[in-house]
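Okay, so here's the structure we're looking at.
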Amino acid sequence: MRIGVISDVHIDKNNVKNERTIQEALGRIVQETGTDLLIIAGDVSNNYATTLSFLEEIESRSGVDCLFVPGNHDLWNIDYPEKDAWSLYRHLQKFKGNITAAPYHINEEWVVIGDVGWYDFSFGSDKFAEVHFQEMKYNGRIWKDKIYADWGLSAAEVHQFFYQKLRNQIEQHKDKKIILVTHVVPHENFIVPTPHQVWDYFNAFLGSRHYSDLIAEFPHTIKYAICGHVHYRKQFRLGETSLICNCLGDKEEWLHSKEAYEEISHTYLTIEI
């Protein structure tokens, strides 16, 4: 089976009038690569309804099942200030391929487990105290989850909820081969290299070391760990686990072309199981 992997398509920024859309380009590439199953690791858009529409369109265009975990942007309430992040999280579960609702069993051997995950500041520089990370602003910039992602809990509490949920599911399926999907990054190899004037601070909001500890705890079970969030395209191995961060990112960050089909062709990754 061939599984396609991509994240952070940000269609509200990247789709431009009179140009081929992300969904048109991605749908075509899924077909051309002979992909059997597609995984999108979050950040489709800043509006949950737009994200849901995109996911349905991708399945229609590609003709394959699409699995999805929300990113922080998908959970923002910019257009729905009356809704909190939990409400938007539940709305996104209306998409049948949203694996936050339940793991997806590919076959008797393989299962896909995933969730948005969150951050606990453990990737931030130790020159900052936790109280500074809790402010979520530094050097004139603010991490916008503080404004738009309303969980009603501290970041540490949100992280603990998702970490424990994922841990329980992994424990329940440890006799399988697992593809683990989070939006946030699970390992420090994916954070912005430091020292850095800005990212010494903002790396705190990219993920948690707990996820790499979890991968190390189940080395024979978690075969792939897929993430997004940081707009990198990078892969490496941690023991028996292949870690993949495969983000399209914002158009100004594209490396090869400003045309969607060409850039996604360079970004899109497939794995074989």
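By convention here, the chains of the structure tokens are called A, B, ... in the order presented, each chain's residues are numbered starting at 1, and ligands are numbered starting at 1 in the order presented.
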- Query: Which residues come within 7 Å of A:Lys234, counting only C-alpha atoms, excluding same-chain residues fewer than 6 positions away, as a PyMOL selection string?
  - Reply: chain A and resi 244-246
Write out the residues from the selection above, keeping N, CA and C atoms, as a PDB file, in the first residue's frame.
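Result written to part_3.pdb:
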```pdb
ATOM      1  N   ILE A 244       8.612  12.013  10.117  1.00  0.00           N
ATOM      2  CA  ILE A 244       8.385  12.755   8.881  1.00  0.00           C
ATOM      3  C   ILE A 244       7.665  14.058   9.184  1.00  0.00           C
ATOM      4  N   CYS A 245       8.248  15.172   8.760  1.00  0.00           N
ATOM      5  CA  CYS A 245       7.580  16.470   8.790  1.00  0.00           C
ATOM      6  C   CYS A 245       7.552  16.963   7.349  1.00  0.00           C
ATOM      7  N   ASN A 246       6.365  17.066   6.784  1.00  0.00           N
ATOM      8  CA  ASN A 246       6.264  17.278   5.337  1.00  0.00           C
ATOM      9  C   ASN A 246       5.232  18.359   5.033  1.00  0.00           C
TER      10      ASN A 246
END
```
- Exercise: A:His266 partners within 9 Å, only C-alpha atoms, chain neighbours under 3 positions left out, as a PyMOL selection string: chain A and resi 255-256+261-263+269
- From a DSSP pass on the backbone, collect the residues of stretch 59-247 of chain A flagged as alpha helix (DSSP H) and hand them back as JSON, numbers by chain. {"A": [59, 60, 61, 62, 85, 86, 87, 88, 89, 90, 91, 92, 130, 131, 132, 133, 134, 135, 145, 146, 147, 148, 155, 156, 157, 158, 159, 160, 161, 162, 163, 164, 165, 166, 167, 168, 169, 170, 171, 172, 199, 200, 201, 202, 209, 210, 211, 212, 213, 214, 215, 216, 217]}
- Message: as a VMD selection string, please: the residues near A:His229 (cut-off 7 Å, only C-alpha atoms, same-chain neighbours under 2 positions excluded).
- Response: chain A and resid 8 183 to 185 206 227 231
Filtering to C-alpha atoms, could you give me those residues as a PDB file, in the first residue's frame?
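Result file is part20.pdb:
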```
ATOM      1  CA  ASP A   8       0.095  22.730   6.387  1.00  0.00           C
ATOM      2  CA  HIS A 183       0.167  18.260  14.127  1.00  0.00           C
ATOM      3  CA  VAL A 184       2.798  19.475  16.591  1.00  0.00           C
ATOM      4  CA  VAL A 185       6.351  18.228  16.268  1.00  0.00           C
ATOM      5  CA  LEU A 206       6.071  23.774  18.441  1.00  0.00           C
ATOM      6  CA  CYS A 227       3.796  15.783  11.975  1.00  0.00           C
ATOM      7  CA  HIS A 231       6.704  24.275   7.832  1.00  0.00           C
TER       8      HIS A 231
END
```
- Query: If you run DSSP on the backbone, which residues of stretch 40-246 of chain A are strand (DSSP E), as a VMD selection string?
  - Reply: chain A and resid 40 65 to 68 104 to 105 110 to 115 137 to 138 141 to 142 177 to 182 222 to 227 233 to 238 241 to 246
Could I get the residues of stretch 89-131 of chain A with an atom no further than 9 Å from an atom of stretch 22-43 of chain A, each paired with its nearest atom pair and that distance in Å to one decimal, using only C-alpha atoms, sorted by chain and residue number, as a Markdown table?
```
| residue | atom | partner | partner_atom | distance |
| --- | --- | --- | --- | --- |
| A:Gly114 | CA | A:Ala41 | CA | 8.9 |
| A:Asp115 | CA | A:Ala41 | CA | 8.8 |
| A:Val116 | CA | A:Gly42 | CA | 7.4 |
```
For the residues in that selection, give me N, CA and C atoms as a PDB file, in the first residue's frame.
```pdb
ATOM      1  N   GLY A 114      -3.866   9.210  15.828  1.00  0.00           N
ATOM      2  CA  GLY A 114      -3.398  10.589  15.791  1.00  0.00           C
ATOM      3  C   GLY A 114      -4.302  11.588  16.457  1.00  0.00           C
ATOM      4  N   ASP A 115      -3.748  12.774  16.676  1.00  0.00           N
ATOM      5  CA  ASP A 115      -4.491  13.896  17.237  1.00  0.00           C
ATOM      6  C   ASP A 115      -3.664  15.161  17.018  1.00  0.00           C
ATOM      7  N   VAL A 116      -4.285  16.286  17.326  1.00  0.00           N
ATOM      8  CA  VAL A 116      -3.590  17.552  17.128  1.00  0.00           C
ATOM      9  C   VAL A 116      -2.331  17.617  17.985  1.00  0.00           C
TER      10      VAL A 116
END
```
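Among the candidates A:Trp110, A:Trp143, A:Trp254, A:Phe68, the residue lying nearest to A:Lys94 is A:Phe68 (atoms considered: only C-alpha atoms).
Counting only C-alpha atoms, A:Phe54 has the following residues at most 10 Å away, ignoring those fewer than 5 positions along the same chain: Ile11, Ile22, Gln23, Val44, Ser45, Tyr48, Ala49, Glu59 and Ser60 of chain A.
Of the residues under consideration (A:Ser122, A:Thr270, A:Thr241, A:Ser53), A:Thr270 shows the shortest atom-to-atom contact distance to A:Gly4 when counting only C-alpha atoms.
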